[in-house]
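Asks: Encoded as structure tokens, here's the structure I'll be asking about.
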Amino acid sequence: MIALAPQKAIAILPALAQSMTLRPYQARVKEEVYRTNDSLIDRILVVAPTGAGKTIIFCSLIADAVAKGQRVLIVVHRDVLIKQTHEKLRRFGIDCGFIKAGWAENRDALVQIASIQTLPRRHWWKEFKADIVILDEAHVTAWAAVVERMMDCIYPNSTYLGFTATPWRLSKKEGMGDRFNALVAAPMPHQLMDSGYLVKPSYYALPQADLKGVRTLAGDFAESDLSVACDRPELIKRAVDEWFRLAEGRQTLAFTVSISHSLHLCEAFQAAGISAAHVDGTTPIPVRNRIYEMLAAGEILVVTSCAALQEGFDVPSVSAVLLCRPTKSKALYFQQIGRGLRISPETGKTDCIVLDQAGNVRQFGFVEDLKQVSLEEGRDVSGVAPTKVCPKDEHDHLGHEGCGAILSTFEMRCRHCGYQFPVKEKLTPIQALERLLSNEDKERFNVYRALAKEAYERQISPGYAARKFKDQFGHWAPDDWGLGAVFGDSPTTDSIRAYLRFVQGVAQRKDKDVGWVNLWMRREFGKGWQQAIATVGGEA
């Protein structure tokens, strides 16, 4: 085993590197990595939720190693991650070489950034003799054949540090414990939200999603079948309509089934007058980067994507995520929602809206429900057919009583008692998304609404409710939690006028502009409040 560099080695780094201050939890993760390595464990998986800054953590570890003269190989699996990692390392004052077409080689550099696709086609790196190997997005890179050979025979004595936000594999035969011997975990998403390091999501989903007839290939839904089920004009129109209803004006990422599905959704947004762009795995990196820059600048409002945004994308101002791709991958689900959870203080972002057209939230639950992760080994599932149980003492629509027999999941009628399993209703495009709240959020939701009502009754600033809530729970309440808090779901015109007079009075006392007035009116009544009343005092 090659020990990691001690933390005191950072003292000889350039001033630029010393200026990179880690968040308290990032420093604790780094210390835990050192303690684990000191226990003679040299294959360590580090789990940090999307937005927690895992790249900053491993760049800080690399800075320590470079100060000691150690050689580091960083393995990434997407081209965009090469640029992103390089930029972070430059902030630490570290030069590096590249093992990737189109990037300059520097075989003398102590740090090499390698593409997982390029490593098998080049061989000089085998003589690089890396002391430490960083496996970025380890849930993918650790399972590449070249990395498996690296661990077994090319660098068998090196220290391997895997980094991921999502430590899950689709195949039950493969577990992260098959590659790593210890796990170091950053705080979970709910802890980062309560500490103000991630924003709180607000979820909307279909009442029921039907994927009857969609096959499973390689552990996930078959793309060809999903395209037939999801890439339909009426469903695309519904997705756009629901975005206008619930997330209009927000910088948005939309995850789709296929390239054609993404293009069709992008075209639908454009036809509705919304600036939108499409990216996929074949989009050239410079074009992608320009689209991301335009999104960050507000020149584009919606980016639709097929397999291009799950990892490596970093535009913190994104505050809406549109899920149009059903999946069986828990990792993919967490990655997609995580794209919208980064904080963006400079833009005033306080929350993220998740619009789930695919049934993923109901399948995997809320991101905040993840309380811990574990290092599990894969298990042999060969020859084991999936089963279900005939519901004992339950009657079907024909009056047959279930018997408790074990059946194949594909059997819709019990061969023992005749019980007929119910068929799910067919998903129709007229379904509207409905709010989903976890049990914990139901309590917080009610607390915020009570505070909003209290602010109105006391005729004090509506911002009182927002600040009081954040002081109590550590994060801002999602904007839409205030809808109808004071006057309910069916306010009268007189109620809207009364609240407008209240907000305008507060604005006058506190020297707030009309944008502030519109913000609080929209939080109580939604975006259409201005059309619901006549002009009051020359403003509406």
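Every chain in the structure tokens takes a letter, A first, then B, and so on in the order presented; its residues are numbered from 1, and the ligands are numbered from 1 following the presented order.
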Neighbouring residues of range 173-181 of chain A were defined as those with any atom within 7 Å, considering only C-alpha atoms; residues of the same chain fewer than 3 positions away were excluded. Please report them as an mmCIF file with N, CA and C atoms, in the first residue's frame.

Replies:
```cif
data_model
loop_
_atom_site.group_PDB
_atom_site.id
_atom_site.type_symbol
_atom_site.label_atom_id
_atom_site.label_comp_id
_atom_site.auth_asym_id
_atom_site.auth_seq_id
_atom_site.Cartn_x
_atom_site.Cartn_y
_atom_site.Cartn_z
ATOM 1 N N ILE A 41 -5.937 0.570 4.720
ATOM 2 C CA ILE A 41 -6.966 0.339 3.705
ATOM 3 C C ILE A 41 -6.642 1.224 2.516
ATOM 4 N N ARG A 43 -8.259 0.961 -0.743
ATOM 5 C CA ARG A 43 -9.303 1.065 -1.750
ATOM 6 C C ARG A 43 -10.539 1.646 -1.067
ATOM 7 N N ILE A 44 -10.673 2.952 -1.177
ATOM 8 C CA ILE A 44 -11.654 3.697 -0.394
ATOM 9 C C ILE A 44 -12.663 4.369 -1.324
ATOM 10 N N LEU A 45 -13.932 4.185 -1.043
ATOM 11 C CA LEU A 45 -14.986 4.852 -1.795
ATOM 12 C C LEU A 45 -15.479 6.059 -1.003
ATOM 13 N N ALA A 142 -15.033 2.462 -12.014
ATOM 14 C CA ALA A 142 -14.453 1.317 -11.293
ATOM 15 C C ALA A 142 -14.809 -0.008 -11.945
ATOM 16 N N PRO A 167 -23.682 5.660 -5.243
ATOM 17 C CA PRO A 167 -22.935 4.396 -5.159
ATOM 18 C C PRO A 167 -23.774 3.155 -5.443
ATOM 19 N N ARG A 169 -25.227 0.288 -8.542
ATOM 20 C CA ARG A 169 -25.140 -0.301 -9.869
ATOM 21 C C ARG A 169 -26.498 -0.872 -10.239
ATOM 22 N N LEU A 375 -21.634 0.035 1.835
ATOM 23 C CA LEU A 375 -20.739 -0.582 0.857
ATOM 24 C C LEU A 375 -21.149 -2.042 0.714
ATOM 25 N N GLU A 376 -22.001 -2.317 -0.275
ATOM 26 C CA GLU A 376 -22.538 -3.659 -0.441
ATOM 27 C C GLU A 376 -21.822 -4.407 -1.553
ATOM 28 N N GLU A 377 -21.699 -5.707 -1.354
ATOM 29 C CA GLU A 377 -21.111 -6.554 -2.386
ATOM 30 C C GLU A 377 -22.222 -7.082 -3.295
ATOM 31 N N GLY A 378 -21.848 -7.387 -4.546
ATOM 32 C CA GLY A 378 -22.814 -7.962 -5.468
ATOM 33 C C GLY A 378 -23.173 -9.375 -5.041
ATOM 34 N N ARG A 379 -24.273 -9.855 -5.531
ATOM 35 C CA ARG A 379 -24.687 -11.216 -5.179
ATOM 36 C C ARG A 379 -25.116 -11.960 -6.431
ATOM 37 N N ASP A 380 -25.015 -13.258 -6.363
ATOM 38 C CA ASP A 380 -25.365 -14.107 -7.505
ATOM 39 C C ASP A 380 -26.885 -14.222 -7.590
ATOM 40 N N VAL A 381 -27.453 -13.708 -8.675
ATOM 41 C CA VAL A 381 -28.908 -13.794 -8.851
ATOM 42 C C VAL A 381 -29.261 -14.641 -10.070
#
```

Asks: Near Cys417 in chain A, counting only C-alpha atoms, which residues have an atom at most 10 Å away, once you skip same-chain residues fewer than 4 positions from it, shown as a list of chain:residue names?

Replies: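 Here the answer would be A:Cys390, A:His400, A:Glu401, A:Gly402, A:Cys403, A:Gly404, A:Ala405, A:Arg413.
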
Asks: Can you spit out the residues from that selection as a PDB file, in the first residue's frame, using all heavy atoms?

Replies:
```pdb
ATOM      1  N   CYS A 390     -49.887 -14.172  -4.641  1.00  0.00           N
ATOM      2  CA  CYS A 390     -51.329 -13.993  -4.820  1.00  0.00           C
ATOM      3  C   CYS A 390     -51.893 -13.461  -3.499  1.00  0.00           C
ATOM      4  O   CYS A 390     -51.697 -14.085  -2.443  1.00  0.00           O
ATOM      5  CB  CYS A 390     -51.983 -15.325  -5.179  1.00  0.00           C
ATOM      6  SG  CYS A 390     -53.767 -15.211  -5.467  1.00  0.00           S
ATOM      7  N   HIS A 400     -63.202 -13.707  -7.209  1.00  0.00           N
ATOM      8  CA  HIS A 400     -62.249 -14.748  -6.835  1.00  0.00           C
ATOM      9  C   HIS A 400     -61.425 -14.291  -5.629  1.00  0.00           C
ATOM     10  O   HIS A 400     -60.995 -13.140  -5.560  1.00  0.00           O
ATOM     11  CB  HIS A 400     -61.310 -15.064  -8.005  1.00  0.00           C
ATOM     12  CG  HIS A 400     -62.020 -15.602  -9.199  1.00  0.00           C
ATOM     13  ND1 HIS A 400     -61.845 -15.098 -10.468  1.00  0.00           N
ATOM     14  CD2 HIS A 400     -62.931 -16.613  -9.333  1.00  0.00           C
ATOM     15  CE1 HIS A 400     -62.595 -15.762 -11.331  1.00  0.00           C
ATOM     16  NE2 HIS A 400     -63.263 -16.679 -10.658  1.00  0.00           N
ATOM     17  N   GLU A 401     -61.186 -15.202  -4.695  1.00  0.00           N
ATOM     18  CA  GLU A 401     -60.412 -14.892  -3.501  1.00  0.00           C
ATOM     19  C   GLU A 401     -58.972 -15.369  -3.671  1.00  0.00           C
ATOM     20  O   GLU A 401     -58.736 -16.512  -4.091  1.00  0.00           O
ATOM     21  CB  GLU A 401     -61.034 -15.567  -2.274  1.00  0.00           C
ATOM     22  CG  GLU A 401     -60.294 -15.240  -0.981  1.00  0.00           C
ATOM     23  CD  GLU A 401     -60.941 -15.894   0.224  1.00  0.00           C
ATOM     24  OE1 GLU A 401     -62.125 -16.260   0.138  1.00  0.00           O
ATOM     25  OE2 GLU A 401     -60.255 -16.036   1.249  1.00  0.00           O
ATOM     26  N   GLY A 402     -57.998 -14.492  -3.368  1.00  0.00           N
ATOM     27  CA  GLY A 402     -56.591 -14.857  -3.461  1.00  0.00           C
ATOM     28  C   GLY A 402     -56.226 -15.942  -2.470  1.00  0.00           C
ATOM     29  O   GLY A 402     -56.871 -16.116  -1.430  1.00  0.00           O
ATOM     30  N   CYS A 403     -55.142 -16.706  -2.804  1.00  0.00           N
ATOM     31  CA  CYS A 403     -54.806 -17.865  -1.985  1.00  0.00           C
ATOM     32  C   CYS A 403     -53.419 -17.825  -1.354  1.00  0.00           C
ATOM     33  O   CYS A 403     -53.041 -18.704  -0.602  1.00  0.00           O
ATOM     34  CB  CYS A 403     -54.923 -19.132  -2.831  1.00  0.00           C
ATOM     35  SG  CYS A 403     -53.753 -19.174  -4.228  1.00  0.00           S
ATOM     36  N   GLY A 404     -52.611 -16.817  -1.694  1.00  0.00           N
ATOM     37  CA  GLY A 404     -51.270 -16.722  -1.118  1.00  0.00           C
ATOM     38  C   GLY A 404     -50.205 -17.496  -1.864  1.00  0.00           C
ATOM     39  O   GLY A 404     -49.066 -17.614  -1.402  1.00  0.00           O
ATOM     40  N   ALA A 405     -50.535 -18.030  -3.032  1.00  0.00           N
ATOM     41  CA  ALA A 405     -49.564 -18.807  -3.809  1.00  0.00           C
ATOM     42  C   ALA A 405     -48.467 -17.903  -4.366  1.00  0.00           C
ATOM     43  O   ALA A 405     -48.692 -16.717  -4.645  1.00  0.00           O
ATOM     44  CB  ALA A 405     -50.268 -19.534  -4.945  1.00  0.00           C
ATOM     45  N   ARG A 413     -53.091 -14.029 -13.849  1.00  0.00           N
ATOM     46  CA  ARG A 413     -54.171 -14.822 -13.261  1.00  0.00           C
ATOM     47  C   ARG A 413     -53.571 -15.981 -12.488  1.00  0.00           C
ATOM     48  O   ARG A 413     -52.713 -16.710 -12.991  1.00  0.00           O
ATOM     49  CB  ARG A 413     -55.107 -15.345 -14.360  1.00  0.00           C
ATOM     50  CG  ARG A 413     -56.313 -16.119 -13.862  1.00  0.00           C
ATOM     51  CD  ARG A 413     -57.223 -16.520 -15.032  1.00  0.00           C
ATOM     52  NE  ARG A 413     -58.411 -17.216 -14.593  1.00  0.00           N
ATOM     53  CZ  ARG A 413     -58.478 -18.524 -14.345  1.00  0.00           C
ATOM     54  NH1 ARG A 413     -57.391 -19.285 -14.530  1.00  0.00           N
ATOM     55  NH2 ARG A 413     -59.600 -19.079 -13.934  1.00  0.00           N
TER      56      ARG A 413
END
```

Asks: So that I can check the surroundings of Lys349 in chain A, please list as a short mmCIF file (atom, residue, chain, number, x, y, z; two decimals) with N, CA, C and O atoms, in the first residue's frame every protein, DNA and RNA residue that reaches within 9 Å of it, counting only C-alpha atoms and ignoring chain neighbours fewer than 6 positions away.

Replies:
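Final output, part10.cif:
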```
data_model
loop_
_atom_site.label_atom_id
_atom_site.label_comp_id
_atom_site.auth_asym_id
_atom_site.auth_seq_id
_atom_site.Cartn_x
_atom_site.Cartn_y
_atom_site.Cartn_z
N VAL A 199 -30.22 23.44 -2.04
CA VAL A 199 -31.56 23.99 -1.91
C VAL A 199 -32.57 22.87 -1.77
O VAL A 199 -32.30 21.71 -2.11
N PRO A 316 -25.17 26.21 -11.45
CA PRO A 316 -25.90 26.25 -10.18
C PRO A 316 -27.23 26.98 -10.23
O PRO A 316 -28.12 26.72 -9.41
N SER A 317 -27.41 27.90 -11.20
CA SER A 317 -28.65 28.69 -11.24
C SER A 317 -29.85 27.91 -11.74
O SER A 317 -30.98 28.40 -11.66
N VAL A 318 -29.66 26.70 -12.25
CA VAL A 318 -30.79 25.86 -12.68
C VAL A 318 -31.69 25.59 -11.48
O VAL A 318 -31.22 25.13 -10.43
N SER A 319 -32.99 25.87 -11.63
CA SER A 319 -33.90 25.70 -10.50
C SER A 319 -35.15 24.90 -10.86
O SER A 319 -36.13 24.93 -10.12
N ILE A 343 -26.66 25.39 -4.70
CA ILE A 343 -27.01 26.74 -4.29
C ILE A 343 -26.43 27.75 -5.28
O ILE A 343 -25.42 27.49 -5.93
#
```

Asks: Extract, using only C-alpha atoms, all DNA, RNA and protein residues at most 9 Å from Glu242 in chain A, discarding same-chain residues fewer than 4 positions from it, and format them as a PyMOL selection string.

Replies: chain A and resi 237-238+246-248+355+432-433

Asks: Using C-alpha atoms, can you write the selected residues to a file as a CSV table (one decimal), in the first residue's frame?

Replies:
```csv
chain,number,residue,atom,x,y,z
A,237,LYS,CA,-47.5,19.1,-25.1
A,238,ARG,CA,-48.5,18.2,-21.6
A,246,LEU,CA,-45.5,25.2,-12.3
A,247,ALA,CA,-42.1,26.3,-13.4
A,248,GLU,CA,-42.4,29.1,-15.9
A,355,LEU,CA,-41.6,18.0,-12.5
A,432,ALA,CA,-51.9,17.0,-14.4
A,433,LEU,CA,-49.0,16.7,-12.0
```

Asks: So, with only C-alpha atoms as the atoms that count, which of A:Leu437, A:Thr350, A:Lys453, A:Asp369 lies closest to Tyr197 in chain A?

Replies: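 Under the stated criterion, the closest residue is A:Thr350.
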
Asks: Could you name the residues that touch Ser260 in chain A at 9 Å or less, counting only C-alpha atoms, but leaving out those on the same chain fewer than 3 positions away, as a PyMOL selection string?

Replies: chain A and resi 227+231+256-257+263-265+306

Asks: Taking C-alpha atoms for each residue, export the selection above as a PDB file, in the first residue's frame.

Replies:
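out.pdb written:
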```pdb
ATOM      1  CA  SER A 227     -39.558   6.118 -27.127  1.00  0.00           C
ATOM      2  CA  ASP A 231     -42.134  10.454 -27.419  1.00  0.00           C
ATOM      3  CA  THR A 256     -35.559  12.593 -22.112  1.00  0.00           C
ATOM      4  CA  VAL A 257     -35.632   9.045 -23.469  1.00  0.00           C
ATOM      5  CA  LEU A 263     -35.390  17.315 -30.074  1.00  0.00           C
ATOM      6  CA  HIS A 264     -39.182  17.107 -30.126  1.00  0.00           C
ATOM      7  CA  LEU A 265     -39.441  18.507 -26.583  1.00  0.00           C
ATOM      8  CA  CYS A 306     -30.511  12.693 -23.862  1.00  0.00           C
TER       9      CYS A 306
END
```

Asks: For a quick check of understanding, using only C-alpha atoms, which of A:Thr166, A:Lys512, A:Arg467, A:Lys126 has the smallest distance to Arg149 in chain A?

Replies: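 For Arg149 in chain A, the nearest of the given residues is A:Lys126.
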
Asks: So that I can see what lies close to range 35-40 of chain A, please list as a CSV table (one decimal) with N, CA, C and O atoms, in the first residue's frame the residues with an atom at most 9 Å from it, counting only C-alpha atoms and leaving out residues fewer than 4 positions away in the same chain.

Replies:
```
chain,number,residue,atom,x,y,z
A,1,MET,N,0.8,-1.2,0.0
A,1,MET,CA,0.0,0.0,0.0
A,1,MET,C,0.9,1.2,0.0
A,1,MET,O,1.9,1.3,0.7
A,3,ALA,N,0.9,5.0,1.1
A,3,ALA,CA,0.1,5.9,2.0
A,3,ALA,C,-0.2,7.2,1.3
A,3,ALA,O,0.7,7.8,0.6
A,4,LEU,N,-1.3,7.8,1.7
A,4,LEU,CA,-1.6,9.2,1.2
A,4,LEU,C,-0.7,10.2,1.9
A,4,LEU,O,-0.2,9.9,3.0
A,30,LYS,N,-12.2,14.7,4.2
A,30,LYS,CA,-10.8,14.6,3.8
A,30,LYS,C,-10.0,13.9,5.0
A,30,LYS,O,-9.2,13.0,4.8
A,31,GLU,N,-10.3,14.4,6.2
A,31,GLU,CA,-9.6,13.8,7.4
A,31,GLU,C,-10.0,12.3,7.6
A,31,GLU,O,-9.1,11.5,7.9
A,44,ILE,N,-10.7,3.0,-1.2
A,44,ILE,CA,-11.7,3.7,-0.4
A,44,ILE,C,-12.7,4.4,-1.3
A,44,ILE,O,-12.3,5.0,-2.3
A,159,THR,N,-2.9,3.3,-4.1
A,159,THR,CA,-4.1,3.6,-3.3
A,159,THR,C,-5.1,4.1,-4.3
A,159,THR,O,-4.9,4.9,-5.2
A,182,ALA,N,-13.6,0.1,2.0
A,182,ALA,CA,-14.1,1.0,3.0
A,182,ALA,C,-14.8,2.2,2.4
A,182,ALA,O,-14.6,2.5,1.2
A,183,LEU,N,-15.7,2.7,3.1
A,183,LEU,CA,-16.6,3.8,2.6
A,183,LEU,C,-16.4,5.1,3.5
A,183,LEU,O,-16.5,4.9,4.8
A,184,VAL,N,-16.3,6.2,2.9
A,184,VAL,CA,-16.3,7.5,3.7
A,184,VAL,C,-17.4,8.3,3.1
A,184,VAL,O,-17.4,8.5,1.8
```

Asks: Considering only C-alpha atoms, state which residue in the set A:Arg250, A:Asn289, A:Leu295, A:Glu105 is at the smallest distance from Leu322 in chain A.

Replies: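 Looking at the shortest contact to Leu322 in chain A, the residue is A:Arg250.
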
Asks: Quick one: of A:Glu457, A:Asp479, A:Asp396, A:Glu148, who's nearest to Leu135 in chain A, counting only C-alpha atoms?

Replies: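 Closest to Leu135 in chain A, using only C-alpha atoms: A:Glu148.
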
Asks: When distances are computed from only C-alpha atoms, which of A:Ala186, A:Val75, A:Ala63, A:Lys200 shows the smallest separation from Arg90 in chain A?

Replies: A:Ala63

Asks: Run DSSP on the backbone and tell me which residues of range 113-362 of chain A come out as helix (DSSP H, G or I); list them as a ChimeraX atom specification.

Replies: /A:119-121,124-127,138-141,145-154,176-178,189-194,223-230,233-246,259-271,285-297,330-338,345-347,360-362

Asks: Could you check the closest approach to Leu436 in chain A for each of A:Gly463, A:Gly526, A:Gly348, A:Pro201 and tell me which residue wins, using only C-alpha atoms?

Replies: A:Pro201

Asks: Please report, as JSON, numbers by chain, each residue of range 95-291 of chain A to which DSSP assigns strand (DSSP E or B) when run on this structure's backbone.

Replies: {"A": [97, 98, 99, 111, 112, 113, 114, 115, 132, 133, 134, 135, 136, 159, 160, 161, 162, 163, 164, 182, 183, 184, 185, 198, 200, 201, 202, 203, 204, 205, 216, 217, 220, 221, 252, 253, 254, 255, 276, 277, 278, 279, 280]}

Asks: Between CA of Thr141 in chain A and CA of Leu81 in chain A, what distance in Å does the model show, to one decimal?

Replies: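 CA of Leu81 in chain A lies at a distance of 12.4 Å from CA of Thr141 in chain A.
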